[in-house]
file data.cif (mmCIF, C-alpha atoms and all ligand atoms; chains and numbers go by the auth columns)
data_upload
loop_
_atom_site.group_PDB
_atom_site.id
_atom_site.type_symbol
_atom_site.label_atom_id
_atom_site.label_comp_id
_atom_site.label_asym_id
_atom_site.label_seq_id
_atom_site.Cartn_x
_atom_site.Cartn_y
_atom_site.Cartn_z
_atom_site.B_iso_or_equiv
_atom_site.auth_seq_id
_atom_site.auth_asym_id
ATOM 1 C CA MET A 1 121.135 93.428 103.213 0.00 1 A
ATOM 2 C CA SER A 2 123.572 91.935 100.768 0.00 2 A
ATOM 3 C CA VAL A 3 123.793 88.227 100.166 0.00 3 A
ATOM 4 C CA GLN A 4 126.991 86.229 100.231 0.00 4 A
ATOM 5 C CA LYS A 5 127.101 84.213 97.028 0.00 5 A
ATOM 6 C CA VAL A 6 129.573 81.436 96.439 0.00 6 A
ATOM 7 C CA ASN A 7 129.967 79.271 93.358 0.00 7 A
ATOM 8 C CA ILE A 8 131.143 75.715 93.874 0.00 8 A
ATOM 9 C CA ASN A 9 132.274 73.656 90.925 0.00 9 A
ATOM 10 C CA VAL A 10 131.570 69.937 91.197 0.00 10 A
ATOM 11 C CA ALA A 11 134.004 67.935 89.098 0.00 11 A
ATOM 12 C CA GLY A 12 135.050 64.771 90.880 0.00 12 A
ATOM 13 C CA LYS A 13 135.334 66.932 94.009 0.00 13 A
ATOM 14 C CA TYR A 14 134.098 70.255 95.329 0.00 14 A
ATOM 15 C CA GLU A 15 136.042 73.336 94.286 0.00 15 A
ATOM 16 C CA PRO A 16 136.589 75.227 96.485 0.00 16 A
ATOM 17 C CA SER A 17 136.275 72.552 99.141 0.00 17 A
ATOM 18 C CA VAL A 18 136.169 75.089 101.966 0.00 18 A
ATOM 19 C CA VAL A 19 133.940 78.160 101.913 0.00 19 A
ATOM 20 C CA THR A 20 134.062 80.845 104.576 0.00 20 A
ATOM 21 C CA LEU A 21 130.939 82.884 105.307 0.00 21 A
ATOM 22 C CA GLU A 22 130.236 85.789 107.581 0.00 22 A
ATOM 23 C CA LYS A 23 127.863 85.054 110.445 0.00 23 A
ATOM 24 C CA GLY A 24 124.467 86.727 110.282 0.00 24 A
ATOM 25 C CA VAL A 25 124.639 87.625 106.586 0.00 25 A
ATOM 26 C CA PRO A 26 122.333 85.661 104.254 0.00 26 A
ATOM 27 C CA ALA A 27 124.220 83.218 102.059 0.00 27 A
ATOM 28 C CA GLU A 28 123.675 81.181 98.933 0.00 28 A
ATOM 29 C CA LEU A 29 125.765 78.366 97.588 0.00 29 A
ATOM 30 C CA THR A 30 125.506 77.667 93.889 0.00 30 A
ATOM 31 C CA PHE A 31 126.649 74.204 92.830 0.00 31 A
ATOM 32 C CA THR A 32 127.397 73.385 89.208 0.00 32 A
ATOM 33 C CA ARG A 33 128.334 69.828 88.320 0.00 33 A
ATOM 34 C CA THR A 34 130.542 69.896 85.248 0.00 34 A
ATOM 35 C CA LYS A 35 131.735 66.287 85.161 0.00 35 A
ATOM 36 C CA ASP A 36 129.656 63.171 84.850 0.00 36 A
ATOM 37 C CA GLN A 37 131.503 61.246 87.483 0.00 37 A
ATOM 38 C CA GLY A 38 130.659 59.290 90.591 0.00 38 A
ATOM 39 C CA CYS A 39 127.611 59.896 92.708 0.00 39 A
ATOM 40 C CA LEU A 40 128.063 63.653 92.844 0.00 40 A
ATOM 41 C CA ASP A 41 124.652 64.114 91.254 0.00 41 A
ATOM 42 C CA VAL A 42 123.246 64.730 94.725 0.00 42 A
ATOM 43 C CA VAL A 43 124.599 67.152 97.286 0.00 43 A
ATOM 44 C CA HIS A 44 123.232 67.206 100.789 0.00 44 A
ATOM 45 C CA SER A 45 123.927 68.461 104.264 0.00 45 A
ATOM 46 C CA LYS A 46 122.375 67.454 107.522 0.00 46 A
ATOM 47 C CA ASP A 47 124.282 70.270 109.246 0.00 47 A
ATOM 48 C CA LEU A 48 123.001 72.942 106.879 0.00 48 A
ATOM 49 C CA ASP A 49 119.649 71.329 106.130 0.00 49 A
ATOM 50 C CA PHE A 50 119.662 71.071 102.346 0.00 50 A
ATOM 51 C CA GLU A 51 119.553 68.398 99.689 0.00 51 A
ATOM 52 C CA THR A 52 119.427 68.929 95.949 0.00 52 A
ATOM 53 C CA GLN A 53 119.928 67.063 92.708 0.00 53 A
ATOM 54 C CA LEU A 54 122.737 68.297 90.487 0.00 54 A
ATOM 55 C CA PRO A 55 121.966 67.625 86.845 0.00 55 A
ATOM 56 C CA LEU A 56 125.050 67.957 84.652 0.00 56 A
ATOM 57 C CA ASN A 57 125.879 71.579 83.759 0.00 57 A
ATOM 58 C CA VAL A 58 122.864 73.022 85.567 0.00 58 A
ATOM 59 C CA SER A 59 123.530 75.478 88.383 0.00 59 A
ATOM 60 C CA LYS A 60 121.555 74.829 91.549 0.00 60 A
ATOM 61 C CA THR A 61 121.416 77.330 94.381 0.00 61 A
ATOM 62 C CA VAL A 62 120.719 76.554 98.023 0.00 62 A
ATOM 63 C CA LYS A 63 120.219 79.043 100.815 0.00 63 A
ATOM 64 C CA VAL A 64 122.342 78.584 103.891 0.00 64 A
ATOM 65 C CA SER A 65 121.534 79.856 107.346 0.00 65 A
ATOM 66 C CA THR A 66 124.414 81.751 108.900 0.00 66 A
ATOM 67 C CA ASP A 67 122.822 82.182 112.314 0.00 67 A
ATOM 68 C CA LYS A 68 125.350 79.948 114.010 0.00 68 A
ATOM 69 C CA ALA A 69 129.107 80.126 113.826 0.00 69 A
ATOM 70 C CA GLY A 70 130.986 76.913 113.287 0.00 70 A
ATOM 71 C CA GLU A 71 132.112 74.380 110.722 0.00 71 A
ATOM 72 C CA PHE A 72 129.474 72.546 108.736 0.00 72 A
ATOM 73 C CA LYS A 73 129.857 69.690 106.302 0.00 73 A
ATOM 74 C CA TYR A 74 128.046 68.800 103.134 0.00 74 A
ATOM 75 C CA SER A 75 128.618 65.785 100.955 0.00 75 A
ATOM 76 C CA CYS A 76 127.650 63.788 97.912 0.00 76 A
ATOM 77 C CA GLY A 77 124.766 61.335 97.927 0.00 77 A
ATOM 78 C CA MET A 78 126.879 58.512 99.300 0.00 78 A
ATOM 79 C CA ASP A 79 129.004 60.630 101.633 0.00 79 A
ATOM 80 C CA MET A 80 132.218 59.828 99.783 0.00 80 A
ATOM 81 C CA PHE A 81 133.073 63.395 98.831 0.00 81 A
ATOM 82 C CA SER A 82 132.595 66.317 101.145 0.00 82 A
ATOM 83 C CA GLY A 83 133.073 70.026 101.456 0.00 83 A
ATOM 84 C CA LYS A 84 132.998 72.398 104.357 0.00 84 A
ATOM 85 C CA VAL A 85 131.322 75.688 105.167 0.00 85 A
ATOM 86 C CA VAL A 86 132.973 77.771 107.862 0.00 86 A
ATOM 87 C CA ILE A 87 130.770 80.454 109.405 0.00 87 A
ATOM 88 C CA LYS A 88 132.417 83.080 111.568 0.00 88 A
HETATM 89 CU CU CU B . 129.635 59.957 96.376 0.00 101 A
#
call {"tool": "encode", "arguments": {"input": "data.cif", "output": "structure tokens"}}
result
Amino acid sequence: MSVQKVNINVAGKYEPSVVTLEKGVPAELTFTRTKDQGCLDVVHSKDLDFETQLPLNVSKTVKVSTDKAGEFKYSCGMDMFSGKVVIK
């Protein structure tokens, strides 16, 4: 089965800030922080059950379950910046 792979650039915000995934197909989000700004050196999601450090200019990949449809949030370490994953 193919894997849905999405790259998210972290530079003072998440780009793209909304990612749409197909339900039931394995998915990976790859975060790359390219700006040394704010507390974006951690990205985490209670909804999607991941947390990872984001060293500058190092790509980090997290697996995302797509078993459930819906809208799920992730955010920076202090929950100031957020992005959204839409599964449908
Ligand atoms: Cu923050």
call {"tool": "atom_distance", "arguments": {"input": "data.cif", "atom1": "CA of Asp47 (chain A)", "atom2": "CA of Thr34 (chain A)"}}
result
24.8 Å
call {"tool": "residues_around", "arguments": {"input": "data.cif", "residues": "region 8-25 of chain A", "least_positions_apart": "3", "cutoff": "6 Å", "atoms": "only C-alpha atoms", "output": "list in words"}}
result
Thr30, Phe31, Thr32, Arg33, Thr34, Lys35, Thr66, Asp67, Gly83, Lys84, Val85, Val86, Ile87 and Lys88 of chain A
call {"tool": "write_last_selection", "arguments": {"input": "data.cif", "atoms": "C-alpha atoms", "output": "short mmCIF file (atom, residue, chain, number, x, y, z; two decimals), keeping the file's coordinate frame"}}
result
data_model
loop_
_atom_site.label_atom_id
_atom_site.label_comp_id
_atom_site.auth_asym_id
_atom_site.auth_seq_id
_atom_site.Cartn_x
_atom_site.Cartn_y
_atom_site.Cartn_z
CA THR A 30 125.51 77.67 93.89
CA PHE A 31 126.65 74.20 92.83
CA THR A 32 127.40 73.39 89.21
CA ARG A 33 128.33 69.83 88.32
CA THR A 34 130.54 69.90 85.25
CA LYS A 35 131.74 66.29 85.16
CA THR A 66 124.41 81.75 108.90
CA ASP A 67 122.82 82.18 112.31
CA GLY A 83 133.07 70.03 101.46
CA LYS A 84 133.00 72.40 104.36
CA VAL A 85 131.32 75.69 105.17
CA VAL A 86 132.97 77.77 107.86
CA ILE A 87 130.77 80.45 109.40
CA LYS A 88 132.42 83.08 111.57
#
call {"tool": "residues_near_ligand", "arguments": {"input": "data.cif", "ligand": "ligand CU 101 (chain A)", "cutoff": "7 Å", "atoms": "only C-alpha atoms and all ligand atoms", "output": "PyMOL selection string"}}
result
chain A and resi 38-40+76-81
call {"tool": "write_last_selection", "arguments": {"input": "data.cif", "atoms": "C-alpha atoms", "output": "mmCIF file, keeping the file's coordinate frame"}}
result
data_model
loop_
_atom_site.group_PDB
_atom_site.id
_atom_site.type_symbol
_atom_site.label_atom_id
_atom_site.label_comp_id
_atom_site.auth_asym_id
_atom_site.auth_seq_id
_atom_site.Cartn_x
_atom_site.Cartn_y
_atom_site.Cartn_z
ATOM 1 C CA GLY A 38 130.659 59.290 90.591
ATOM 2 C CA CYS A 39 127.611 59.896 92.708
ATOM 3 C CA LEU A 40 128.063 63.653 92.844
ATOM 4 C CA CYS A 76 127.650 63.788 97.912
ATOM 5 C CA GLY A 77 124.766 61.335 97.927
ATOM 6 C CA MET A 78 126.879 58.512 99.300
ATOM 7 C CA ASP A 79 129.004 60.630 101.633
ATOM 8 C CA MET A 80 132.218 59.828 99.783
ATOM 9 C CA PHE A 81 133.073 63.395 98.831
#
call {"tool": "residues_near_point", "arguments": {"input": "data.cif", "point": "(128.4, 83.8, 100.1)", "cutoff": "8 Å", "atoms": "only C-alpha atoms", "output": "compact mmCIF listing (two decimals) with C-alpha atoms, keeping the file's coordinate frame"}}
result
# COMPACT_ATOMS: atom_id res chain seq x y z
CA VAL A 3 123.79 88.23 100.17
CA GLN A 4 126.99 86.23 100.23
CA LYS A 5 127.10 84.21 97.03
CA VAL A 6 129.57 81.44 96.44
CA THR A 20 134.06 80.84 104.58
CA LEU A 21 130.94 82.88 105.31
CA GLU A 22 130.24 85.79 107.58
CA PRO A 26 122.33 85.66 104.25
CA ALA A 27 124.22 83.22 102.06
CA GLU A 28 123.68 81.18 98.93
CA LEU A 29 125.76 78.37 97.59
call {"tool": "closest_residue", "arguments": {"input": "data.cif", "among": "A:Ser2, A:Ala69, A:Tyr74, A:Asp36", "to": "Phe50 (chain A)", "atoms": "all atoms listed in the file"}}
result
A:Tyr74
call {"tool": "atom_distance", "arguments": {"input": "data.cif", "atom1": "CA of Lys73 (chain A)", "atom2": "CA of Lys46 (chain A)"}}
result
7.9 Å
call {"tool": "atom_distance", "arguments": {"input": "data.cif", "atom1": "CA of Gly70 (chain A)", "atom2": "CA of Asp41 (chain A)"}}
result
26.3 Å
call {"tool": "closest_residue", "arguments": {"input": "data.cif", "among": "A:Gln37, A:Pro55, A:Asn7, A:Leu48", "to": "Glu71 (chain A)", "atoms": "all atoms listed in the file"}}
result
A:Leu48
